[in-house]
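For reference, the structure is listed below as structure tokens.
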Amino acid sequence: MATVTIKIKRQNPEISGKDKPYWEEFTLKDVDPTDRLLEMLHRIKWEQDGTLTLRRSCAHGVCGSDAMRINGVNALACKVLMQDVGETIMVEPILGLPIVKDLVVDMEPFFDHYKAVMPFFVNDDPVPENGRERLQSIEDRESFDDTTKCILCACCTTSCPSFWANGKYVGPAAIVQAHRFIFDTRDKASQERMDALAEPNGVWRCRTIYNCTPACPRDIQVTKAIGEVKLAIRRGSPTGIIKAIG
Amino acid sequence: MASLVLTLKETLRYRGAIGQWSWVLHRLTGLGVVLFLFLHVIDTAWAVFAPESYVEAIATYQSPLFTIGEFFLVACVVYHALNGLRIVMMDFRPDLWKHQQQAAYYVLGGTVLILIPFFAKMGLDAANHYTSDPFVLPISEVILAQLPFLGFFVIGAIAAVVIAFIQNSMADGGAGAVQIGGTGSSIEKFWWSFMRVSGILIVPLVFGHLAMMHVLQGVFDLTASNYTIIGTSTGSLAAVGDVLGNGINDSGTSVEFVAERWGFLWGGVAIWKVYDIALLALVVTHGFNGLRYILTDYTMDNPLLRRTVTNLCLIGGLALLLVGAAALFSSIDQDAIDLAIEATRAMTGE
């Protein structure tokens, strides 16, 4: 049962004096090592300052609502245990998206990039004769298995220095989503996605910095996925890229 | 600018792993090399077009400010080369991502390992030079000698802004976000491949250049009299004459040094000219496109600024290619060497 200090970067555009980002410190007693950071933020909001604003839905690492920068790295507050973050914790909103209030950012620009890569299955061919699913080999399915796990929390995109510098850059998350469909052998719109991503604000803005990979709470190999999309665009086709590189 | 400041500040605050710091170092070392490249290509062209200016330029290279700068330059080149190979490897084999951190440490270790003998030799050369009571150009004159480059930069910048204004009045912002059905330019695909292929080609060329011009034989040897120039072994005389074309810097002028190297024929081919043409073309294109990457990353939200910096890189790269190529396709005669001898006498007051 330890005491911890949580420093939160806050901002409320509607109240003068608080419309610029400022740090506020909260002290919590009786913190268990196995408590999660999200619970601590709840305790602050419910016991100390009801105006503290954050976003969370499922609180179990599935919905991706509570992405924030914790001790300098992006993570989901609901997946961070207190034993892993020390006794003084810095919490701030993810960077690169407009701040709405405190830890809540406007996700619209992020979702615009997501929509821009056609994140839906495209295949207008007639369904197979038996009227059932389009079959796919185990190997073909495996080539994009990793990128199906994305929950759109924006941890990767907002850890990327290229995205901080340029909000028009499509960003890691959208490329991961594009990867999921580009390498799906049943999908018919790979070329359109690759054409869009070949533009100046597409994949080439990635400088292979690797901030995105450790930021992913779902352990998606983000930089690898981006690299595979680059190679597919370079070759003009996703066929054989993943098999060729193992 | 706001974008650059924010990114700099947040890169320092974000606790990215070593990959992030490799990226920062890659950019800084790249900028360092491009800055020197800008001086160096123009300076070297003076060996052909303005021998007196070349004599002065080499005198600045042989002053303490540039001696210190040379250590930084060599460190920049070595790190940028090794880390570039790491990036190329990771980009063409994304599945190796688990080894990227390890590779980043190998790059740092490899850089140190290579720099130890390089710096030892360069340090010895510098110590020998400065303890032999040499002529040293005063620092004020060293700095004054760089003013023309500031002038070139200002002229280039003004041209870049003017062209950007015209472009802006003729077309909209361009380079928008990625969109469905987007059919924007895919030229970046070419540049991405070019940077990696040229990078690989540059590595052996630039290490050969470093070894010959900075380590085995350093900047202080450029003006050593009766000095046998590396890579111009006797036997194959150029068609210029006995003194010029014997592989020996008889006059002890930097101009003859260049003339001997570029005039050296191997199997009838001026191999060092070919070598330098290849190095010039690859390094200038790679360097100025890299500069464009850096500058446009932080100006994508401002069409005028983005076009200005793109134009600046284009103008700078083309100018260097033209100046360098003009020098490399010309030849240096005895008159130029005589001018250099006179200029040296006038400068050192002997």
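Ordering of the structure tokens sets the chain letters (A, B, ...), residue numbers begin anew at 1 in every chain, and ligands are numbered from 1 in the order given.
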If we count only C-alpha atoms, what is near B:His99 at a cut-off of 12 Å, once residues fewer than 6 positions away on the same chain are taken out, given as a PyMOL selection string?
(chain A and resi 210+224) or (chain B and resi 18-19+86-87+89-90+93+105-106)
Which residues are near A:Thr157? Cut-off 12 Å, only C-alpha atoms, ignore same chain within fewer than 6 positions. Put them as a VMD selection string.
chain A and resid 67 to 68 74 to 75 94 to 97 107 109 to 111 113 to 114 150 163 to 177 206 210 to 216 222 to 223 226
I'd like to know which residues of stretch 144-273 of chain B are strand (DSSP E or B) (by DSSP, run on the backbone); could you write them as a ChimeraX atom specification?
/B:227-228,248-249,266,269
Could the residues in this selection be saved with C-alpha atoms as a tab-separated table (two decimals), in the first residue's frame?
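Output contents, as saved in out.tsv:
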```
chain	number	residue	atom	x	y	z
B	227	TYR	CA	54.93	15.02	-52.16
B	228	THR	CA	53.84	11.87	-53.96
B	248	ILE	CA	54.28	14.48	-57.50
B	249	ASN	CA	53.14	17.83	-56.17
B	266	TRP	CA	45.00	4.53	-65.56
B	269	VAL	CA	41.08	6.67	-68.14
```
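Using only C-alpha atoms, the contacts of B:Leu210 at a cut-off of 10 Å, with sequence neighbours closer than 6 positions omitted, comprise Val74, Val77, Val78, Phe118, Pro204, Leu216, Gln217 and Gly218 of chain B.
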Selection: 12 Å around B:Val274, only C-alpha atoms, excl. self and same-chain fewer than 6 positions, as a PyMOL selection string:
chain B and resi 205+261-266+268+280-281+325+328-329
Return as CSV the residues of stretch 47-137 of chain A lying at most 10 Å from stretch 23-30 of chain A, together with the closest atom-to-atom pair for each and the distance in Å to one decimal, counting only C-alpha atoms, with rows in chain order and ascending residue number.
```
residue,atom,partner,partner_atom,distance
A:Glu47,CA,A:Leu28,CA,9.9
A:Gln48,CA,A:Phe26,CA,8.3
A:Asp49,CA,A:Phe26,CA,9.3
A:Glu87,CA,A:Thr27,CA,9.9
A:Thr88,CA,A:Thr27,CA,9.3
A:Ile89,CA,A:Glu25,CA,9.6
A:Met90,CA,A:Trp23,CA,9.1
A:Val91,CA,A:Trp23,CA,9.3
A:Glu92,CA,A:Trp23,CA,8.9
```
